[in-house]
Structures are given as structure tokens and as C-alpha cells.
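S.K.: final-v3.tsv (TSV, N, CA and C atoms) pasted underneath:
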chain	number	residue	atom	x	y	z
N	211	MET	N	9.98	128.26	-283.32
N	211	MET	CA	10.27	128.34	-281.90
N	211	MET	C	10.94	129.68	-281.60
N	212	GLU	N	10.47	130.33	-280.58
N	212	GLU	CA	11.07	131.61	-280.18
N	212	GLU	C	12.43	131.35	-279.51
N	213	LYS	N	13.40	132.13	-279.90
N	213	LYS	CA	14.76	131.98	-279.36
N	213	LYS	C	14.81	132.42	-277.89
N	214	VAL	N	15.29	131.55	-277.05
N	214	VAL	CA	15.50	131.89	-275.64
N	214	VAL	C	16.81	132.64	-275.55
N	215	THR	N	16.79	133.79	-274.88
N	215	THR	CA	17.98	134.65	-274.88
N	215	THR	C	18.85	134.51	-273.64
N	216	ASN	N	18.41	133.72	-272.68
N	216	ASN	CA	19.19	133.55	-271.46
N	216	ASN	C	19.06	132.10	-271.00
N	217	PHE	N	20.17	131.44	-270.80
N	217	PHE	CA	20.15	130.03	-270.41
N	217	PHE	C	19.34	129.78	-269.15
N	218	LYS	N	19.26	130.78	-268.28
N	218	LYS	CA	18.52	130.61	-267.02
N	218	LYS	C	17.02	130.48	-267.24
N	219	ASN	N	16.56	130.82	-268.43
N	219	ASN	CA	15.14	130.70	-268.76
N	219	ASN	C	14.76	129.29	-269.20
N	220	TYR	N	15.73	128.45	-269.49
N	220	TYR	CA	15.44	127.08	-269.88
N	220	TYR	C	15.06	126.26	-268.66
N	221	LYS	N	13.92	125.59	-268.74
N	221	LYS	CA	13.48	124.73	-267.63
N	221	LYS	C	14.51	123.63	-267.38
N	222	VAL	N	15.09	123.10	-268.43
N	222	VAL	CA	16.07	122.03	-268.26
N	222	VAL	C	17.29	122.52	-267.47
N	223	TRP	N	17.71	123.76	-267.69
N	223	TRP	CA	18.83	124.30	-266.91
N	223	TRP	C	18.42	124.43	-265.45
N	224	GLN	N	17.22	124.96	-265.21
N	224	GLN	CA	16.70	125.12	-263.85
N	224	GLN	C	16.62	123.76	-263.14
N	225	ASP	N	16.08	122.76	-263.86
N	225	ASP	CA	15.97	121.42	-263.27
N	225	ASP	C	17.34	120.81	-263.01
N	226	ALA	N	18.29	121.05	-263.90
N	226	ALA	CA	19.64	120.52	-263.72
N	226	ALA	C	20.33	121.14	-262.51
N	227	VAL	N	20.11	122.44	-262.28
N	227	VAL	CA	20.68	123.11	-261.11
N	227	VAL	C	20.06	122.51	-259.84
N	228	GLU	N	18.76	122.32	-259.85
N	228	GLU	CA	18.08	121.73	-258.68
N	228	GLU	C	18.54	120.30	-258.44
N	229	PHE	N	18.74	119.55	-259.53
N	229	PHE	CA	19.23	118.18	-259.39
N	229	PHE	C	20.62	118.16	-258.76
N	230	SER	N	21.49	119.04	-259.25
N	230	SER	CA	22.84	119.13	-258.71
N	230	SER	C	22.80	119.48	-257.23
N	231	LYS	N	21.97	120.43	-256.88
N	231	LYS	CA	21.80	120.81	-255.47
N	231	LYS	C	21.37	119.59	-254.64
N	232	LYS	N	20.41	118.85	-255.16
N	232	LYS	CA	19.93	117.65	-254.47
N	232	LYS	C	21.04	116.61	-254.31
N	233	VAL	N	21.84	116.44	-255.36
N	233	VAL	CA	22.96	115.50	-255.30
N	233	VAL	C	23.92	115.89	-254.18
N	234	PHE	N	24.28	117.16	-254.12
N	234	PHE	CA	25.21	117.62	-253.09
N	234	PHE	C	24.60	117.46	-251.69
N	235	GLN	N	23.34	117.82	-251.54
N	235	GLN	CA	22.70	117.71	-250.22
N	235	GLN	C	22.55	116.27	-249.77
N	236	LYS	N	22.07	115.41	-250.65
N	236	LYS	CA	21.82	114.01	-250.27
N	236	LYS	C	23.12	113.25	-250.04
N	237	THR	N	24.15	113.53	-250.81
N	237	THR	CA	25.40	112.78	-250.64
N	237	THR	C	26.14	113.24	-249.38
N	238	ASP	N	25.85	114.43	-248.89
N	238	ASP	CA	26.44	114.86	-247.62
N	238	ASP	C	25.98	113.97	-246.46
N	239	ASN	N	24.81	113.37	-246.60
N	239	ASN	CA	24.25	112.51	-245.57
N	239	ASN	C	24.60	111.05	-245.76
N	240	MET	N	25.50	110.75	-246.67
N	240	MET	CA	25.88	109.37	-246.96
N	240	MET	C	27.39	109.23	-246.76
N	241	PRO	N	27.84	109.03	-245.53
N	241	PRO	CA	29.28	109.05	-245.26
N	241	PRO	C	30.11	108.05	-246.06
N	242	LEU	N	29.63	106.84	-246.26
N	242	LEU	CA	30.41	105.89	-247.05
N	242	LEU	C	30.55	106.36	-248.48
N	243	PHE	N	29.49	106.89	-249.01
N	243	PHE	CA	29.50	107.38	-250.38
N	243	PHE	C	30.31	108.66	-250.50
N	244	ASP	N	30.19	109.52	-249.50
N	244	ASP	CA	30.85	110.82	-249.53
N	244	ASP	C	32.37	110.69	-249.53
N	245	ASN	N	32.89	109.66	-248.93
N	245	ASN	CA	34.34	109.48	-248.85
N	245	ASN	C	34.89	108.64	-250.01
N	246	ASN	N	34.06	108.38	-250.97
N	246	ASN	CA	34.44	107.51	-252.07
N	246	ASN	C	34.65	108.33	-253.34
N	247	THR	N	35.56	107.89	-254.18
N	247	THR	CA	35.82	108.55	-255.45
N	247	THR	C	34.57	108.62	-256.31
N	248	LEU	N	33.73	107.61	-256.24
N	248	LEU	CA	32.49	107.60	-257.02
N	248	LEU	C	31.63	108.82	-256.70
N	249	CYS	N	31.61	109.22	-255.46
N	249	CYS	CA	30.82	110.39	-255.07
N	249	CYS	C	31.33	111.65	-255.75
N	250	ALA	N	32.63	111.81	-255.80
N	250	ALA	CA	33.21	113.00	-256.44
N	250	ALA	C	32.82	113.05	-257.92
N	251	HIS	N	32.88	111.92	-258.60
N	251	HIS	CA	32.50	111.86	-260.01
N	251	HIS	C	31.00	112.13	-260.18
N	252	PHE	N	30.20	111.58	-259.29
N	252	PHE	CA	28.75	111.77	-259.31
N	252	PHE	C	28.41	113.25	-259.17
N	253	ARG	N	29.02	113.89	-258.20
N	253	ARG	CA	28.77	115.31	-257.97
N	253	ARG	C	29.24	116.17	-259.15
N	254	LEU	N	30.43	115.91	-259.64
N	254	LEU	CA	30.97	116.69	-260.75
N	254	LEU	C	30.13	116.52	-262.01
N	255	SER	N	29.77	115.30	-262.33
N	255	SER	CA	28.95	115.06	-263.52
N	255	SER	C	27.60	115.75	-263.39
N	256	ALA	N	27.00	115.71	-262.21
N	256	ALA	CA	25.72	116.38	-261.99
N	256	ALA	C	25.85	117.89	-262.18
N	257	ALA	N	26.90	118.47	-261.64
N	257	ALA	CA	27.12	119.91	-261.78
N	257	ALA	C	27.43	120.30	-263.22
N	258	ASN	N	28.06	119.41	-263.96
N	258	ASN	CA	28.43	119.71	-265.34
N	258	ASN	C	27.23	119.82	-266.27
N	259	ILE	N	26.11	119.21	-265.93
N	259	ILE	CA	24.94	119.26	-266.81
N	259	ILE	C	24.50	120.70	-267.01
N	260	SER	N	24.22	121.40	-265.92
N	260	SER	CA	23.77	122.79	-266.05
N	260	SER	C	24.89	123.69	-266.59
N	261	SER	N	26.13	123.39	-266.23
N	261	SER	CA	27.26	124.17	-266.73
N	261	SER	C	27.40	124.05	-268.24
N	262	ASP	N	27.22	122.85	-268.77
N	262	ASP	CA	27.30	122.65	-270.22
N	262	ASP	C	26.19	123.40	-270.95
N	263	ILE	N	24.99	123.38	-270.39
N	263	ILE	CA	23.88	124.13	-270.99
N	263	ILE	C	24.23	125.61	-271.04
N	264	ALA	N	24.72	126.14	-269.93
N	264	ALA	CA	25.09	127.56	-269.86
N	264	ALA	C	26.19	127.89	-270.85
N	265	GLU	N	27.20	127.03	-270.93
N	265	GLU	CA	28.31	127.30	-271.84
N	265	GLU	C	27.85	127.32	-273.29
N	266	GLY	N	26.89	126.48	-273.63
N	266	GLY	CA	26.37	126.47	-274.99
N	266	GLY	C	25.78	127.79	-275.42
N	267	PHE	N	25.25	128.54	-274.47
N	267	PHE	CA	24.67	129.83	-274.78
N	267	PHE	C	25.72	130.87	-275.14
N	268	ALA	N	26.95	130.63	-274.81
N	268	ALA	CA	28.01	131.57	-275.15
N	268	ALA	C	28.47	131.38	-276.59
N	269	ARG	N	27.93	130.39	-277.25
N	269	ARG	CA	28.35	130.08	-278.62
N	269	ARG	C	27.52	130.84	-279.63
N	270	ALA	N	28.05	130.93	-280.83
N	270	ALA	CA	27.46	131.80	-281.85
N	270	ALA	C	26.30	131.17	-282.63
N	271	SER	N	26.17	129.87	-282.60
N	271	SER	CA	25.16	129.25	-283.45
N	271	SER	C	24.38	128.18	-282.71
N	272	ASP	N	23.22	127.83	-283.28
N	272	ASP	CA	22.43	126.74	-282.72
N	272	ASP	C	23.20	125.42	-282.79
N	273	ALA	N	24.00	125.25	-283.85
N	273	ALA	CA	24.78	124.02	-283.99
N	273	ALA	C	25.77	123.87	-282.83
N	274	GLU	N	26.39	124.97	-282.45
N	274	GLU	CA	27.31	124.92	-281.32
N	274	GLU	C	26.56	124.70	-280.01
N	275	LEU	N	25.40	125.32	-279.87
N	275	LEU	CA	24.57	125.09	-278.69
N	275	LEU	C	24.18	123.62	-278.60
N	276	VAL	N	23.80	123.03	-279.72
N	276	VAL	CA	23.45	121.61	-279.74
N	276	VAL	C	24.62	120.76	-279.26
N	277	TYR	N	25.82	121.11	-279.70
N	277	TYR	CA	27.02	120.37	-279.26
N	277	TYR	C	27.11	120.35	-277.72
N	278	TYR	N	26.90	121.50	-277.09
N	278	TYR	CA	26.99	121.56	-275.63
N	278	TYR	C	25.80	120.89	-274.96
N	279	LEU	N	24.64	120.95	-275.59
N	279	LEU	CA	23.49	120.22	-275.05
N	279	LEU	C	23.74	118.72	-275.12
N	280	GLU	N	24.39	118.27	-276.19
N	280	GLU	CA	24.75	116.85	-276.30
N	280	GLU	C	25.78	116.47	-275.23
N	281	THR	N	26.69	117.39	-274.94
N	281	THR	CA	27.65	117.15	-273.86
N	281	THR	C	26.93	117.05	-272.53
N	282	ALA	N	25.96	117.93	-272.31
N	282	ALA	CA	25.15	117.87	-271.09
N	282	ALA	C	24.39	116.54	-271.01
N	283	LEU	N	23.87	116.11	-272.15
N	283	LEU	CA	23.17	114.83	-272.19
N	283	LEU	C	24.13	113.68	-271.85
N	284	GLY	N	25.33	113.76	-272.38
N	284	GLY	CA	26.35	112.75	-272.04
N	284	GLY	C	26.64	112.73	-270.56
N	285	ASN	N	26.73	113.89	-269.95
N	285	ASN	CA	26.94	113.95	-268.50
N	285	ASN	C	25.75	113.39	-267.74
N	286	SER	N	24.55	113.60	-268.26
N	286	SER	CA	23.38	113.05	-267.57
N	286	SER	C	23.39	111.52	-267.64
N	287	TYR	N	23.82	110.96	-268.78
N	287	TYR	CA	23.94	109.50	-268.88
N	287	TYR	C	25.04	109.00	-267.95
N	288	ARG	N	26.11	109.77	-267.82
N	288	ARG	CA	27.19	109.42	-266.90
N	288	ARG	C	26.64	109.39	-265.46
N	289	VAL	N	25.86	110.42	-265.10
N	289	VAL	CA	25.25	110.47	-263.77
N	289	VAL	C	24.37	109.24	-263.55
N	290	GLU	N	23.56	108.93	-264.55
N	290	GLU	CA	22.68	107.76	-264.42
N	290	GLU	C	23.47	106.48	-264.20
N	291	THR	N	24.57	106.32	-264.93
N	291	THR	CA	25.42	105.15	-264.77
N	291	THR	C	26.05	105.11	-263.38
N	292	GLN	N	26.55	106.24	-262.92
N	292	GLN	CA	27.16	106.30	-261.58
N	292	GLN	C	26.12	106.04	-260.50
N	293	LEU	N	24.92	106.49	-260.74
N	293	LEU	CA	23.81	106.25	-259.82
N	293	LEU	C	23.49	104.77	-259.72
N	294	ILE	N	23.42	104.11	-260.86
N	294	ILE	CA	23.16	102.66	-260.88
N	294	ILE	C	24.26	101.93	-260.13
N	295	LEU	N	25.50	102.27	-260.41
N	295	LEU	CA	26.64	101.64	-259.74
N	295	LEU	C	26.59	101.88	-258.23
N	296	ALA	N	26.34	103.12	-257.83
N	296	ALA	CA	26.28	103.45	-256.40
N	296	ALA	C	25.19	102.66	-255.69
N	297	ASN	N	24.07	102.46	-256.37
N	297	ASN	CA	22.99	101.67	-255.78
N	297	ASN	C	23.38	100.20	-255.69
N	298	LYS	N	23.99	99.69	-256.73
N	298	LYS	CA	24.37	98.26	-256.76
N	298	LYS	C	25.39	97.91	-255.69
N	299	VAL	N	26.29	98.84	-255.38
N	299	VAL	CA	27.29	98.56	-254.35
N	299	VAL	C	26.85	98.99	-252.95
N	300	GLY	N	25.63	99.54	-252.86
N	300	GLY	CA	25.07	99.85	-251.55
N	300	GLY	C	25.36	101.23	-251.00
N	301	TYR	N	25.88	102.12	-251.84
N	301	TYR	CA	26.15	103.48	-251.38
N	301	TYR	C	24.88	104.33	-251.32
N	302	ILE	N	23.93	104.02	-252.18
N	302	ILE	CA	22.67	104.75	-252.22
N	302	ILE	C	21.53	103.75	-252.04
N	303	ASP	N	20.65	104.03	-251.10
N	303	ASP	CA	19.52	103.13	-250.87
N	303	ASP	C	18.52	103.25	-252.01
N	304	ASN	N	17.58	102.31	-252.07
N	304	ASN	CA	16.62	102.27	-253.17
N	304	ASN	C	15.73	103.50	-253.24
N	305	GLU	N	15.34	104.04	-252.10
N	305	GLU	CA	14.48	105.23	-252.10
N	305	GLU	C	15.19	106.42	-252.75
N	306	ASN	N	16.42	106.69	-252.33
N	306	ASN	CA	17.19	107.79	-252.94
N	306	ASN	C	17.51	107.49	-254.40
N	307	TYR	N	17.83	106.25	-254.68
N	307	TYR	CA	18.11	105.84	-256.06
N	307	TYR	C	16.92	106.16	-256.97
N	308	GLN	N	15.73	105.77	-256.57
N	308	GLN	CA	14.54	106.00	-257.38
N	308	GLN	C	14.26	107.50	-257.56
N	309	SER	N	14.47	108.27	-256.51
N	309	SER	CA	14.26	109.71	-256.57
N	309	SER	C	15.25	110.36	-257.54
N	310	PHE	N	16.52	110.02	-257.41
N	310	PHE	CA	17.54	110.55	-258.31
N	310	PHE	C	17.25	110.12	-259.75
N	311	LEU	N	16.88	108.86	-259.91
N	311	LEU	CA	16.64	108.31	-261.25
N	311	LEU	C	15.48	109.04	-261.94
N	312	ARG	N	14.39	109.27	-261.23
N	312	ARG	CA	13.26	110.02	-261.82
N	312	ARG	C	13.73	111.39	-262.30
N	313	ASP	N	14.50	112.06	-261.47
N	313	ASP	CA	14.96	113.41	-261.82
N	313	ASP	C	15.88	113.41	-263.03
N	314	ILE	N	16.84	112.51	-263.06
N	314	ILE	CA	17.82	112.54	-264.15
N	314	ILE	C	17.19	112.10	-265.46
N	315	VAL	N	16.27	111.15	-265.41
N	315	VAL	CA	15.58	110.73	-266.63
N	315	VAL	C	14.74	111.87	-267.20
N	316	GLU	N	14.11	112.66	-266.35
N	316	GLU	CA	13.34	113.83	-266.82
N	316	GLU	C	14.27	114.85	-267.46
N	317	ILE	N	15.43	115.08	-266.89
N	317	ILE	CA	16.40	116.00	-267.47
N	317	ILE	C	16.87	115.48	-268.84
N	318	GLU	N	17.12	114.19	-268.93
N	318	GLU	CA	17.54	113.60	-270.21
N	318	GLU	C	16.46	113.81	-271.28
N	319	LYS	N	15.21	113.59	-270.92
N	319	LYS	CA	14.11	113.78	-271.88
N	319	LYS	C	14.04	115.23	-272.35
N	320	GLN	N	14.19	116.17	-271.43
N	320	GLN	CA	14.16	117.58	-271.80
N	320	GLN	C	15.31	117.94	-272.74
N	321	LEU	N	16.49	117.44	-272.44
N	321	LEU	CA	17.65	117.70	-273.30
N	321	LEU	C	17.43	117.10	-274.69
N	322	GLU	N	16.94	115.88	-274.74
N	322	GLU	CA	16.69	115.22	-276.03
N	322	GLU	C	15.68	116.01	-276.86
N	323	ARG	N	14.60	116.49	-276.22
N	323	ARG	CA	13.59	117.30	-276.93
N	323	ARG	C	14.20	118.60	-277.46
N	324	LEU	N	14.96	119.27	-276.62
N	324	LEU	CA	15.56	120.54	-277.02
N	324	LEU	C	16.54	120.36	-278.17
N	325	ILE	N	17.32	119.31	-278.11
N	325	ILE	CA	18.27	119.02	-279.20
N	325	ILE	C	17.51	118.77	-280.50
N	326	ARG	N	16.44	117.98	-280.43
N	326	ARG	CA	15.63	117.71	-281.64
N	326	ARG	C	15.07	119.02	-282.21
N	327	ILE	N	14.54	119.88	-281.37
N	327	ILE	CA	13.96	121.15	-281.82
N	327	ILE	C	15.02	122.02	-282.50
N	328	LEU	N	16.19	122.13	-281.89
N	328	LEU	CA	17.24	122.98	-282.43
N	328	LEU	C	17.81	122.44	-283.74
N	329	ARG	N	17.72	121.16	-283.93
N	329	ARG	CA	18.25	120.56	-285.17
N	329	ARG	C	17.30	120.74	-286.36
N	330	GLN	N	16.06	121.12	-286.10
N	330	GLN	CA	15.07	121.29	-287.20
N	330	GLN	C	15.39	122.48	-288.05
Output the file's structure as C-alpha cells, nothing else.
M.R.:
Amino acid sequence: MEKVTNFKNYKVWQDAVEFSKKVFQKTDNMPLFDNNTLCAHFRLSAANISSDIAEGFARASDAELVYYLETALGNSYRVETQLILANKVGYIDNENYQSFLRDIVEIEKQLERLIRILRQ
């Protein structure tokens, strides 16, 4: 595998930034959710995914990069959990829930693939 020299070239980073943008935009239109602590955690966890990927690139080895990719994956699972909870309590309707869920699951798959490749 050819070494990517800039985190911005990773599709998963690009998708994570777009997901975070979507989270911020969509939650602005949900007043009950926006005023809730759950929203703050949802937004922060979403933003942390791309941030963790970027931070991993500042590290000296693939092993350290994998550590940060695993942290990003953990944040994506956190987002998915918060999303499920927000839907169950009625903060996010089913249409937005399904849209967010499709996006975050795709990001998780990309992170899992990248981690597997780097561990080889």
C-alpha cells in the first residue's frame, strides 16, 4: 500500500468532516435536542472522529497512527450509541436517524479497513 502523506487525502477523514458538518447543521434545526447535554456530546464525538485521524498523522509510526484510528473508531461507536439514544427518546426523527446511521456505519467500515491494512 502506498503511504498517504497527508491526512486530508484519506476518504475516511473527508467523510468524517462531512458527517460532522451534517451533525452540526441538522442539530441546529432540532431545538429540543440542541438544548440537551446529549447534543453537545453527539457533536463533540462527531467532530473528534476527523480530529483523531488528523492527530494520528502527527505520529512517527503506523502503530501510533493505528492507535488514533482506533480512537476515532471508538468515537464513531460513541456517536452511533448517542444517535440510537437520541432516536429512542424522540430527539431525532426516524428519517434523520437513518441518514446519520448510514453515514456513521460507512465511516466505521472505512476505519476498520484502514486499521486492518496498517496492521499488516
S.K.: Hey, which of N:Ala256, N:Ala296, N:Ile302, N:Ala273 ends up closest to Val227 of chain N? Count only C-alpha atoms.
M.R.: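 When distances to Val227 of chain N are compared using only C-alpha atoms, the smallest one comes from N:Ala256.
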S.K.: So how many Å separate atom C of Asn304 of chain N and atom N of Ala226 of chain N, to one decimal?
M.R.: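 These atoms are spaced 20.7 Å apart.
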S.K.: Atom N of Ser309 of chain N and atom C of Ile325 of chain N are how many Å apart?
M.R.: 26.4 Å
S.K.: Tell me which of N:Asp262, N:Leu279, N:Ile294, N:Lys236 sits closest to Leu324 of chain N, counting all atoms listed in the file.
M.R.: N:Leu279
S.K.: Set the distance at 7 Å and use only N, CA and C atoms: which residues neighbour segment 274-276 of chain N once local chain neighbours fewer than 4 positions away are removed? I'd like the list as a ChimeraX atom specification.
M.R.: /N:265-267,269-270,280-281,325,328
S.K.: So that I have them on file, write out the residues from the current selection with N, CA and C atoms, as a JSON list (two decimals), in the coordinates of the input.
M.R.:
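What ended up in result_0.json:
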[["chain", "number", "residue", "atom", "x", "y", "z"],
["N", 265, "GLU", "N", 27.20, 127.03, -270.93],
["N", 265, "GLU", "CA", 28.31, 127.30, -271.84],
["N", 265, "GLU", "C", 27.85, 127.32, -273.29],
["N", 266, "GLY", "N", 26.89, 126.48, -273.63],
["N", 266, "GLY", "CA", 26.37, 126.47, -274.99],
["N", 266, "GLY", "C", 25.78, 127.79, -275.42],
["N", 267, "PHE", "N", 25.25, 128.54, -274.47],
["N", 267, "PHE", "CA", 24.67, 129.83, -274.78],
["N", 267, "PHE", "C", 25.72, 130.87, -275.14],
["N", 269, "ARG", "N", 27.93, 130.39, -277.25],
["N", 269, "ARG", "CA", 28.35, 130.08, -278.62],
["N", 269, "ARG", "C", 27.52, 130.84, -279.63],
["N", 270, "ALA", "N", 28.05, 130.93, -280.83],
["N", 270, "ALA", "CA", 27.46, 131.80, -281.85],
["N", 270, "ALA", "C", 26.30, 131.17, -282.63],
["N", 280, "GLU", "N", 24.39, 118.27, -276.19],
["N", 280, "GLU", "CA", 24.75, 116.85, -276.30],
["N", 280, "GLU", "C", 25.78, 116.47, -275.23],
["N", 281, "THR", "N", 26.69, 117.39, -274.94],
["N", 281, "THR", "CA", 27.65, 117.15, -273.86],
["N", 281, "THR", "C", 26.93, 117.05, -272.53],
["N", 325, "ILE", "N", 17.32, 119.31, -278.11],
["N", 325, "ILE", "CA", 18.27, 119.02, -279.20],
["N", 325, "ILE", "C", 17.51, 118.77, -280.50],
["N", 328, "LEU", "N", 16.19, 122.13, -281.89],
["N", 328, "LEU", "CA", 17.24, 122.98, -282.43],
["N", 328, "LEU", "C", 17.81, 122.44, -283.74]]
S.K.: Would you compute the distance between atom CA of Ala268 of chain N and atom CA of Asn285 of chain N? Give it in Å to one decimal.
M.R.: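 Value for the atom CA of Ala268 of chain N-atom CA of Asn285 of chain N distance: 18.9 Å.
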S.K.: Given only C-alpha atoms as the basis, pick out the residue of N:Glu290, N:Glu305, N:Glu322, N:Glu316 nearest to Tyr277 of chain N.
M.R.: N:Glu322
S.K.: If you run DSSP on the backbone, which residues of chain N are alpha helix (DSSP H), as an MDAnalysis selection string?
M.R.: chainID N and resid 221:238 241:244 247:266 272:298 304:329
S.K.: Go through N:Tyr220, N:Leu248, N:Leu293, N:Asp272 one by one, measure the shortest atom-to-atom distance of each to Leu311 of chain N using all atoms listed in the file, and give the residue with the smallest value.
M.R.: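 Among the listed residues, the smallest separation from Leu311 of chain N belongs to N:Leu293.
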S.K.: Between N:Ala282, N:Leu321, N:Ile263, N:Leu295, which one has atoms that come closest to Cys249 of chain N, using only C-alpha atoms?
M.R.: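 Looking only at the distances to Cys249 of chain N, the closest residue turns out to be N:Leu295.
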S.K.: N:Trp223, N:Phe217, N:Tyr287, N:Phe234: which is nearest Glu318 of chain N, counting only C-alpha atoms?
M.R.: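 The shortest atom-to-atom distance to Glu318 of chain N comes from N:Tyr287.
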S.K.: Box for segment 266-270 of chain N - axis-aligned, 3 Å on each of the six sides, all listed atoms - centre and size in Å to one decimal, as JSON.
M.R.:
{"center_x": 26.6, "center_y": 129.1, "center_z": -278.1, "size_x": 9.8, "size_y": 11.3, "size_z": 15.0}
S.K.: Which neighbours of Val289 of chain N fall inside 8 Å, counting all atoms listed in the file, when residues of the same chain fewer than 5 positions from it are skipped, and could you give them as number ranges by chain?
M.R.: N: 251-256, 283-284, 294-295, 314
